[in-house]
Every structure is written in structure tokens, then in C-alpha cells.
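For reference, the structure discussed in these notes is given below.
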Amino acid sequence: MNDLNDLYQETILDHARHPHNRGELANADAEGAGHNPVCGDEVKLQIAFDGDRLAAVRFRGSGCAISQASASMLTDAVTGRSGSEVGDLIERVERVLRGEEPDSPELGDLDALRGVAQFPMRVKCATLAWKTLRQALATANGAPAQRSFPPTAE
Ligand code: ZN
């Protein structure tokens with residue numbers, strides 16, 4: 001972690017030490033579990049929908065600070081958003097982590113993930129939660145509730 005820019009490091013460590021939305025949902029509509037064997041990180045996500053919005057998101061997991069901080073930031077960033085907004089956000093975060101997105105202060109804490117882009121070995125730690133979210137939403141497609149993700153355009 002010492003190689004990260006101080007500003008990015010502070011945001012990431014704060015989320016790792018005090019994760020947001022960590023825990024379990026009693027009635028999850030979708031779930032996903034991801035593993036990064038390179039680092040040993042694990043992330044499980046649970047999602048409850050309200051219509052096409054992600055009304056609540058919780059995560060559990062273990063692993064390095066970057067993996068857990070990224071999951072914590074993810075829950076903050078996607079709660080209340082529609083499936084299509086979340087799809088766009090996942091792609092945008094992936095671009096940030098490839099170093100392809102210009103400075104994006106409107107991304108809030110997520111912008112700190114650009115500090116990880118310079119360290120290829122750690123990028124998988126940061127993308128784990130986002131890949132897990134993508135998987136959870138894809139699984140929700142075929143769920144008994146017959147949800148459609150991403151929703152069709154209006
Ligand atoms: Zn890791």
C-alpha cells in the first residue's frame with residue numbers, strides 16, 4: 001500500500017478499516033461470490049431490488065485492503081441506482097482501473113481506485129467486487145422473480 005499516492009491510500013484505507021454496508025440481507029433477490037486466487041481475496045454480495053433499482057446492497061468477504069475497500073465503495077456507489085446505471089458504472093470503474101478514464105471527481109471515493117491502476121498485480125483485487133456484482137446481476141436475470149437486467153430502454 002505504500003506505493004499508492006497518499007490521497008488515494010487514505011480513501012482506500014478508510015473504507016478498508018470502516019467498511020460501509022458490510023453484513024447480510026435477510027431477503028436478497030440476487031447474490032454473487034467472487035475469488036481472486038492471486039491475492040486470496042473473497043467477496044460475497046447480496047442485493048435487494050425495488051423495481052429495477054438496487055434498493056440495498058451488502059457485502060461480506062476477506063482479503064487485502066484494496067479488495068475490501070473496493071467492495072465497500074461499490075455498495076455506496078450502486079445503492080439506489082437502476083440496473084442500467086449500474087451497468088454503466090461497472091464499465092466506467094473498469095476503465096478507471098485500466099487507467100483509461102480521465103480525472104473523475106464526480107465519481108467520489110471511487111476515483112481513488114485510479115491509484116491502483118499503476119499496479120497491475122493489485123488491479124484484480126480492486127475489480128473483484130465489480131466482477132462479482134456483474135455476475136450477481138446476470139444471475140438475477142434468470143431468477144424466479146423474472147427480473148430483467150439490465151432493464152430494457154424506456
Ligand atoms: Zn488483494
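In the C-alpha cells, chains take letters A, B, ... by order of appearance, with residues numbered from 1 within each chain and ligands from 1 in the order shown.
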Surrounding residues of Ala33 (chain A) excluding itself and chain neighbours under 6 positions, 8 Å, only C-alpha atoms, as JSON, numbers by chain: {"A": [42, 43, 44, 45, 132, 136]}
Could you find all residues in chain A that DSSP calls alpha helix (DSSP H) from the backbone, and write them as a VMD selection string? chain A and resid 6 to 17 65 to 78 83 to 97 120 to 141
Store the residues picked out above, limited to C-alpha atoms, as a PDB file, in the first residue's frame.
```pdb
ATOM      1  CA  ASP A   6      -1.241   9.312  -0.264  1.00  0.00           C
ATOM      2  CA  LEU A   7      -4.605  10.747  -1.178  1.00  0.00           C
ATOM      3  CA  TYR A   8      -5.803   7.535  -2.796  1.00  0.00           C
ATOM      4  CA  GLN A   9      -4.312   5.484   0.016  1.00  0.00           C
ATOM      5  CA  GLU A  10      -6.182   7.435   2.671  1.00  0.00           C
ATOM      6  CA  THR A  11      -9.552   6.896   0.992  1.00  0.00           C
ATOM      7  CA  ILE A  12      -8.902   3.198   0.402  1.00  0.00           C
ATOM      8  CA  LEU A  13      -7.645   2.562   3.927  1.00  0.00           C
ATOM      9  CA  ASP A  14     -10.603   4.406   5.403  1.00  0.00           C
ATOM     10  CA  HIS A  15     -13.034   2.106   3.571  1.00  0.00           C
ATOM     11  CA  ALA A  16     -10.974  -0.966   4.497  1.00  0.00           C
ATOM     12  CA  ARG A  17     -10.964  -0.051   8.177  1.00  0.00           C
ATOM     13  CA  ALA A  65      -7.381  -3.693   1.974  1.00  0.00           C
ATOM     14  CA  ILE A  66      -7.875  -2.856  -1.704  1.00  0.00           C
ATOM     15  CA  SER A  67     -10.330  -5.705  -2.309  1.00  0.00           C
ATOM     16  CA  GLN A  68     -12.431  -4.927   0.735  1.00  0.00           C
ATOM     17  CA  ALA A  69     -12.308  -1.159   0.230  1.00  0.00           C
ATOM     18  CA  SER A  70     -13.414  -1.572  -3.380  1.00  0.00           C
ATOM     19  CA  ALA A  71     -16.407  -3.641  -2.220  1.00  0.00           C
ATOM     20  CA  SER A  72     -17.300  -1.028   0.385  1.00  0.00           C
ATOM     21  CA  MET A  73     -17.114   1.772  -2.205  1.00  0.00           C
ATOM     22  CA  LEU A  74     -19.181  -0.321  -4.595  1.00  0.00           C
ATOM     23  CA  THR A  75     -22.052  -0.666  -2.140  1.00  0.00           C
ATOM     24  CA  ASP A  76     -22.140   3.093  -1.596  1.00  0.00           C
ATOM     25  CA  ALA A  77     -21.972   3.821  -5.307  1.00  0.00           C
ATOM     26  CA  VAL A  78     -24.656   1.457  -6.591  1.00  0.00           C
ATOM     27  CA  GLY A  83     -29.688  -1.670 -13.337  1.00  0.00           C
ATOM     28  CA  SER A  84     -28.655   0.242 -16.460  1.00  0.00           C
ATOM     29  CA  GLU A  85     -26.930   2.954 -14.393  1.00  0.00           C
ATOM     30  CA  VAL A  86     -25.054   0.261 -12.509  1.00  0.00           C
ATOM     31  CA  GLY A  87     -24.042  -1.407 -15.782  1.00  0.00           C
ATOM     32  CA  ASP A  88     -22.587   1.900 -16.981  1.00  0.00           C
ATOM     33  CA  LEU A  89     -20.819   2.438 -13.663  1.00  0.00           C
ATOM     34  CA  ILE A  90     -19.211  -1.019 -13.743  1.00  0.00           C
ATOM     35  CA  GLU A  91     -17.775  -0.263 -17.183  1.00  0.00           C
ATOM     36  CA  ARG A  92     -16.567   3.130 -16.061  1.00  0.00           C
ATOM     37  CA  VAL A  93     -14.808   1.735 -12.983  1.00  0.00           C
ATOM     38  CA  GLU A  94     -13.148  -0.879 -15.172  1.00  0.00           C
ATOM     39  CA  ARG A  95     -11.847   1.941 -17.373  1.00  0.00           C
ATOM     40  CA  VAL A  96     -10.562   3.816 -14.292  1.00  0.00           C
ATOM     41  CA  LEU A  97      -8.714   0.661 -13.251  1.00  0.00           C
ATOM     42  CA  PRO A 120      -1.228  -4.428 -12.318  1.00  0.00           C
ATOM     43  CA  MET A 121      -0.915  -7.025  -9.571  1.00  0.00           C
ATOM     44  CA  ARG A 122      -3.450  -5.124  -7.479  1.00  0.00           C
ATOM     45  CA  VAL A 123      -5.960  -4.363 -10.201  1.00  0.00           C
ATOM     46  CA  LYS A 124      -7.542  -7.814  -9.775  1.00  0.00           C
ATOM     47  CA  CYS A 125      -8.031  -7.013  -6.088  1.00  0.00           C
ATOM     48  CA  ALA A 126      -9.966  -3.871  -6.989  1.00  0.00           C
ATOM     49  CA  THR A 127     -12.022  -5.371  -9.833  1.00  0.00           C
ATOM     50  CA  LEU A 128     -13.120  -8.423  -7.811  1.00  0.00           C
ATOM     51  CA  ALA A 129     -16.184  -6.781  -6.236  1.00  0.00           C
ATOM     52  CA  TRP A 130     -17.240  -5.292  -9.591  1.00  0.00           C
ATOM     53  CA  LYS A 131     -16.931  -8.611 -11.394  1.00  0.00           C
ATOM     54  CA  THR A 132     -18.912 -10.199  -8.603  1.00  0.00           C
ATOM     55  CA  LEU A 133     -21.613  -7.546  -8.990  1.00  0.00           C
ATOM     56  CA  ARG A 134     -21.783  -8.162 -12.731  1.00  0.00           C
ATOM     57  CA  GLN A 135     -22.169 -11.872 -12.064  1.00  0.00           C
ATOM     58  CA  ALA A 136     -24.874 -11.292  -9.428  1.00  0.00           C
ATOM     59  CA  LEU A 137     -26.877  -9.093 -11.815  1.00  0.00           C
ATOM     60  CA  ALA A 138     -26.506 -11.598 -14.641  1.00  0.00           C
ATOM     61  CA  THR A 139     -27.739 -14.364 -12.366  1.00  0.00           C
ATOM     62  CA  ALA A 140     -30.688 -12.211 -11.351  1.00  0.00           C
ATOM     63  CA  ASN A 141     -31.776 -12.289 -14.989  1.00  0.00           C
TER      64      ASN A 141
END
```
Would you return as a VMD selection string the members of region 4-65 of chain A that DSSP assigns to strand (DSSP E or B) on this structure's backbone? chain A and resid 22 30 to 36 41 to 50 53 to 62
